[in-house]
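*Asks:* I am sharing final_31.cif, which consists of mmCIF, C-alpha atoms:
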```cif
data_upload
loop_
_atom_site.label_atom_id
_atom_site.label_comp_id
_atom_site.auth_asym_id
_atom_site.auth_seq_id
_atom_site.Cartn_x
_atom_site.Cartn_y
_atom_site.Cartn_z
CA MET A 1 2.28 -7.65 13.26
CA ALA A 2 4.90 -9.00 15.65
CA ASP A 3 5.96 -11.73 13.23
CA LYS A 4 6.51 -9.14 10.47
CA GLY A 5 8.60 -6.76 12.54
CA PRO A 6 7.88 -3.20 13.60
CA VAL A 7 6.06 -0.67 11.44
CA ASP A 8 8.34 2.26 10.65
CA ILE A 9 6.14 3.99 8.08
CA LEU A 10 2.35 4.05 8.21
CA VAL A 11 0.31 5.45 5.33
CA ASN A 12 -3.38 5.89 6.12
CA ASN A 13 -5.13 5.97 2.76
CA ALA A 14 -8.66 4.67 3.27
CA GLY A 15 -11.45 6.48 1.52
CA ILE A 16 -15.04 5.85 0.53
CA THR A 17 -17.89 8.11 -0.48
CA ARG A 18 -21.61 7.99 0.20
CA ASP A 19 -22.48 11.29 -1.45
CA GLY A 20 -25.67 13.17 -0.87
CA THR A 21 -26.87 16.41 0.61
CA LEU A 22 -27.39 16.52 4.35
CA MET A 23 -31.17 16.45 3.87
CA ARG A 24 -30.94 13.14 2.00
CA MET A 25 -28.09 11.54 3.93
CA SER A 26 -28.85 8.73 6.32
CA ARG A 27 -27.06 8.27 9.62
CA LYS A 28 -25.71 5.00 8.20
CA GLU A 29 -24.11 6.82 5.23
CA TRP A 30 -22.62 9.37 7.64
CA ASP A 31 -21.22 6.67 9.95
CA GLU A 32 -19.78 4.52 7.14
CA VAL A 33 -17.76 7.40 5.72
CA ILE A 34 -16.59 8.77 9.08
CA ASP A 35 -15.64 5.28 10.28
CA THR A 36 -13.77 4.29 7.12
CA ASN A 37 -12.07 7.57 6.29
CA LEU A 38 -11.30 8.95 9.77
CA GLY A 39 -11.77 6.01 12.13
CA SER A 40 -9.23 3.98 10.18
CA CYS A 41 -6.55 6.62 10.94
CA PHE A 42 -7.24 6.20 14.64
CA ASN A 43 -7.28 2.41 14.41
CA MET A 44 -3.97 2.13 12.56
CA ALA A 45 -2.16 4.84 14.52
CA HIS A 46 -3.42 3.36 17.78
CA ALA A 47 -1.99 -0.01 16.77
CA THR A 48 1.43 1.27 15.61
CA PHE A 49 2.17 4.43 17.62
CA PRO A 50 3.20 2.68 20.88
CA SER A 51 5.93 0.69 19.10
CA MET A 52 7.13 3.78 17.24
CA ARG A 53 7.30 5.63 20.53
CA GLU A 54 9.28 2.85 22.22
CA ARG A 55 11.76 2.75 19.33
CA GLU A 56 11.77 6.56 19.06
CA PHE A 57 11.17 6.46 15.34
CA GLY A 58 8.20 6.55 13.03
CA ARG A 59 6.65 8.21 10.02
CA ILE A 60 2.88 8.53 9.67
CA VAL A 61 1.36 9.96 6.51
CA ASN A 62 -2.39 10.48 6.40
CA ILE A 63 -4.21 11.03 3.14
CA GLY A 64 -6.77 13.79 3.48
CA SER A 65 -8.44 15.57 0.58
CA ILE A 66 -8.93 18.89 -1.11
CA ASN A 67 -12.58 18.47 -0.08
CA GLY A 68 -11.48 18.30 3.55
CA GLN A 69 -9.89 21.71 3.06
CA ALA A 70 -12.43 23.44 0.84
CA GLY A 71 -15.65 21.44 1.33
CA GLN A 72 -17.76 20.04 -1.48
CA TYR A 73 -21.49 20.23 -2.11
CA GLY A 74 -23.14 16.89 -1.43
CA GLN A 75 -20.23 15.57 0.62
CA VAL A 76 -20.76 16.73 4.19
CA ASN A 77 -19.72 13.31 5.51
CA TYR A 78 -16.64 12.98 3.28
CA ALA A 79 -15.53 16.59 3.84
CA ALA A 80 -15.98 16.22 7.60
CA ALA A 81 -13.98 12.98 7.70
CA LYS A 82 -11.14 14.28 5.55
CA SER A 83 -11.07 17.59 7.44
CA GLY A 84 -10.86 15.56 10.63
CA ILE A 85 -7.77 13.84 9.24
CA HIS A 86 -6.04 17.21 8.99
CA GLY A 87 -6.80 17.99 12.66
CA PHE A 88 -5.86 14.45 13.71
CA THR A 89 -2.53 14.88 11.91
CA LYS A 90 -1.66 18.12 13.70
CA ALA A 91 -2.60 16.81 17.14
CA LEU A 92 -0.78 13.49 16.75
CA ALA A 93 2.29 15.31 15.38
CA GLN A 94 2.50 17.16 18.69
CA GLU A 95 2.34 13.88 20.61
CA GLY A 96 5.00 12.22 18.47
CA ALA A 97 7.52 15.02 17.97
CA ARG A 98 9.66 14.34 21.05
CA TYR A 99 9.88 10.66 20.05
CA ASN A 100 11.16 11.34 16.52
CA ILE A 101 7.78 10.42 15.06
CA THR A 102 6.61 12.71 12.28
CA VAL A 103 2.96 12.88 11.35
CA ASN A 104 1.96 14.67 8.15
CA ALA A 105 -0.88 14.69 5.66
CA ILE A 106 -1.40 15.00 1.96
CA ALA A 107 -4.49 16.69 0.57
CA PRO A 108 -4.86 15.48 -3.00
CA GLY A 109 -7.23 16.95 -5.48
CA TYR A 110 -9.16 14.54 -7.63
CA VAL A 111 -6.92 11.61 -8.55
CA ASP A 112 -7.37 9.37 -11.58
CA THR A 113 -8.63 6.33 -9.61
CA ASP A 114 -11.53 3.89 -9.79
CA MET A 115 -13.45 6.01 -7.24
CA VAL A 116 -13.18 9.11 -9.45
CA ALA A 117 -13.93 7.06 -12.58
CA ALA A 118 -17.37 6.42 -11.08
CA VAL A 119 -18.17 10.16 -11.26
CA PRO A 120 -20.54 10.90 -14.15
CA PRO A 121 -18.58 12.18 -17.19
CA ASN A 122 -20.38 15.53 -17.33
CA VAL A 123 -19.57 16.17 -13.64
CA LEU A 124 -15.96 15.05 -14.06
CA GLU A 125 -15.56 17.42 -17.00
CA LYS A 126 -16.64 20.33 -14.78
CA ILE A 127 -14.21 19.25 -12.06
CA VAL A 128 -11.25 19.08 -14.45
CA ALA A 129 -12.21 22.49 -15.86
CA LYS A 130 -11.59 23.98 -12.37
CA VAL A 131 -8.05 22.57 -12.15
CA PRO A 132 -5.53 25.13 -13.41
CA VAL A 133 -3.17 22.43 -14.75
CA GLY A 134 -6.13 21.02 -16.71
CA ARG A 135 -6.08 17.37 -15.68
CA LEU A 136 -6.58 14.93 -12.84
CA ARG A 137 -3.64 13.96 -10.67
CA HIS A 138 -2.03 10.57 -11.05
CA ALA A 139 -1.45 8.23 -8.12
CA ASP A 140 2.33 8.36 -8.60
CA GLU A 141 2.24 12.13 -8.00
CA ILE A 142 0.63 11.52 -4.62
CA ALA A 143 3.11 8.70 -3.91
CA ARG A 144 6.03 11.11 -4.39
CA GLY A 145 4.58 13.30 -1.64
CA VAL A 146 4.33 10.29 0.65
CA MET A 147 7.93 9.37 -0.16
CA PHE A 148 9.08 12.87 0.77
CA PHE A 149 7.36 12.75 4.17
CA ALA A 150 8.87 9.29 4.83
CA ALA A 151 12.40 10.32 3.80
CA ASP A 152 15.24 11.28 6.12
CA GLU A 153 15.25 14.73 4.51
CA ALA A 154 11.86 15.44 6.12
CA THR A 155 12.78 14.74 9.75
CA PHE A 156 11.98 18.34 10.74
CA VAL A 157 8.63 18.38 8.94
CA THR A 158 5.72 17.37 11.15
CA GLY A 159 2.11 18.48 11.46
CA SER A 160 2.13 19.67 7.86
CA THR A 161 -0.30 19.18 5.03
CA MET A 162 0.98 19.03 1.47
CA SER A 163 -1.65 20.02 -1.09
CA ILE A 164 -1.23 18.17 -4.35
CA ASN A 165 -4.13 19.51 -6.37
CA GLY A 166 -2.83 21.18 -9.52
CA GLY A 167 -3.65 24.63 -8.13
CA GLN A 168 -7.35 23.88 -7.67
CA HIS A 169 -7.40 25.11 -4.06
CA MET A 170 -4.82 27.55 -2.73
CA TYR A 171 -4.67 29.36 0.56
#
```
Spit out the file's structure as structure tokens when you get a sec.
*Replies:*
Amino acid sequence: MADKGPVDILVNNAGITRDGTLMRMSRKEWDEVIDTNLGSCFNMAHATFPSMREREFGRIVNIGSINGQAGQYGQVNYAAAKSGIHGFTKALAQEGARYNITVNAIAPGYVDTDMVAAVPPNVLEKIVAKVPVGRLRHADEIARGVMFFAADEATFVTGSTMSINGGQHMY
């Protein structure tokens, strides 16, 4: 990274699924999802946070999930990892605040991506039916949330989670 310059804005957006009920889930499926979805946040923040702290500037945006907030049948590993991102965000925000480092999260609902395209059509139809706006989110809608958290206008926002889910989960 040294030859590319410092990282000012880090977006942690890794996500995989290995769906199955707890009774059918292997330890390997658990570990793969936890490592990829949550462990990657640690790995990237651990690599960039010291430089941000030294320079007293940084923006970290972690991508969680509606399923990390509400849970989802057959996704104990995914829900646990994404829920962990929300806790990770709040704790790291406290560590970074005095150094002008903001740490926030976005909790998207189902986004029109290749991962969601792999969901069987009959299941996807039921998911969309539960979204009050009546459609999946688009990646650019999530990107606008990331841009807000990275902008100068959000310097006083840290430890927050923005839900971008079309009204599917409100609390």
*Asks:* Residues within 8 Å of segment 73-86 of chain A, please, as a count of residues only. Count all atoms listed in the file; anything in the same chain fewer than 6 positions from it doesn't count.
*Replies:* 21
*Asks:* Take atom CA of Arg135 of chain A and atom CA of Val119 of chain A and report the distance between them in Å, one decimal.
*Replies:*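 Between atom CA of Arg135 of chain A and atom CA of Val119 of chain A the gap works out to 14.8 Å.
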*Asks:* Quick check, in Å to one decimal: how far apart do atom CA of Gly134 of chain A and atom CA of Gly71 of chain A lie?
*Replies:*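 Going from atom CA of Gly134 of chain A over to atom CA of Gly71 of chain A covers 20.4 Å.
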*Asks:* Skipping near chain neighbours, those fewer than 6 positions away, what residues fall within 9 Å of Leu92 of chain A using all atoms listed in the file, listed as a short mmCIF file (atom, residue, chain, number, x, y, z; two decimals) with C-alpha atoms, in the coordinates of the input?
*Replies:*
```cif
data_model
loop_
_atom_site.label_atom_id
_atom_site.label_comp_id
_atom_site.auth_asym_id
_atom_site.auth_seq_id
_atom_site.Cartn_x
_atom_site.Cartn_y
_atom_site.Cartn_z
CA THR A 102 6.61 12.71 12.28
CA VAL A 103 2.96 12.88 11.35
CA GLY A 159 2.11 18.48 11.46
#
```
*Asks:* Please list as a PyMOL selection string every residue within 9 Å of Met44 of chain A, counting all atoms listed in the file and excluding residues in the same chain fewer than 5 positions away.
*Replies:* chain A and resi 10+12+39+49
*Asks:* Suppose you want the space between atom CA of Ile142 of chain A and atom CA of Arg59 of chain A; what is it in Å?
*Replies:*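 Taking atom CA of Ile142 of chain A as the start and atom CA of Arg59 of chain A as the end point, the length is 16.2 Å.
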*Asks:* Compare A:Val131, A:Leu124, A:Val116, A:Val111 by their minimum atom-to-atom distance to Met170 of chain A, counting all atoms listed in the file, and give me the closest one.
*Replies:*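 Under the stated criterion, the closest residue is A:Val131.
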*Asks:* Output the residue selection produced by the PyMOL selection byres ((chain A and resi 109) around 10) on the file above, formatted as a VMD selection string.
*Replies:* chain A and resid 64 to 67 106 to 108 110 to 112 127 131 136 to 138 142 163 to 169
*Asks:* Taking into account all atoms listed in the file, which residue in the set A:Lys4, A:Ala47, A:Met115, A:Asn100 is nearest to Val157 of chain A?
*Replies:* A:Asn100
*Asks:* On this structure, which residues satisfy the PyMOL selection byres ((chain A and resi 52) around 8), written as a ChimeraX atom specification?
*Replies:* /A:6-8,48-51,53-58,99,101
*Asks:* Please rebuild segment 152-164 of chain A with N, CA and C atoms and return the result as an mmCIF file, in the coordinates of the input.
*Replies:*
```
data_model
loop_
_atom_site.group_PDB
_atom_site.id
_atom_site.type_symbol
_atom_site.label_atom_id
_atom_site.label_comp_id
_atom_site.auth_asym_id
_atom_site.auth_seq_id
_atom_site.Cartn_x
_atom_site.Cartn_y
_atom_site.Cartn_z
ATOM 1 N N ASP A 152 14.392 10.669 5.094
ATOM 2 C CA ASP A 152 15.240 11.280 6.120
ATOM 3 C C ASP A 152 15.313 12.796 5.970
ATOM 4 N N GLU A 153 15.174 13.282 4.758
ATOM 5 C CA GLU A 153 15.250 14.730 4.510
ATOM 6 C C GLU A 153 14.076 15.489 5.127
ATOM 7 N N ALA A 154 13.055 14.788 5.566
ATOM 8 C CA ALA A 154 11.860 15.440 6.120
ATOM 9 C C ALA A 154 11.745 15.262 7.630
ATOM 10 N N THR A 155 12.846 15.004 8.307
ATOM 11 C CA THR A 155 12.780 14.740 9.750
ATOM 12 C C THR A 155 12.309 15.947 10.563
ATOM 13 N N PHE A 156 12.407 17.143 10.021
ATOM 14 C CA PHE A 156 11.980 18.340 10.740
ATOM 15 C C PHE A 156 10.597 18.809 10.294
ATOM 16 N N VAL A 157 9.959 18.044 9.431
ATOM 17 C CA VAL A 157 8.630 18.380 8.940
ATOM 18 C C VAL A 157 7.617 17.503 9.663
ATOM 19 N N THR A 158 6.770 18.121 10.458
ATOM 20 C CA THR A 158 5.720 17.370 11.150
ATOM 21 C C THR A 158 4.529 18.278 11.378
ATOM 22 N N GLY A 159 3.336 17.702 11.302
ATOM 23 C CA GLY A 159 2.110 18.480 11.460
ATOM 24 C C GLY A 159 1.738 19.260 10.222
ATOM 25 N N SER A 160 2.350 18.927 9.105
ATOM 26 C CA SER A 160 2.130 19.670 7.860
ATOM 27 C C SER A 160 1.175 18.945 6.934
ATOM 28 N N THR A 161 0.538 19.731 6.081
ATOM 29 C CA THR A 161 -0.300 19.180 5.030
ATOM 30 C C THR A 161 0.237 19.664 3.691
ATOM 31 N N MET A 162 0.529 18.719 2.817
ATOM 32 C CA MET A 162 0.980 19.030 1.470
ATOM 33 C C MET A 162 -0.230 18.931 0.536
ATOM 34 N N SER A 163 -0.542 20.018 -0.129
ATOM 35 C CA SER A 163 -1.650 20.020 -1.090
ATOM 36 C C SER A 163 -1.106 19.668 -2.462
ATOM 37 N N ILE A 164 -1.620 18.600 -3.007
ATOM 38 C CA ILE A 164 -1.230 18.170 -4.350
ATOM 39 C C ILE A 164 -2.498 18.181 -5.187
#
```
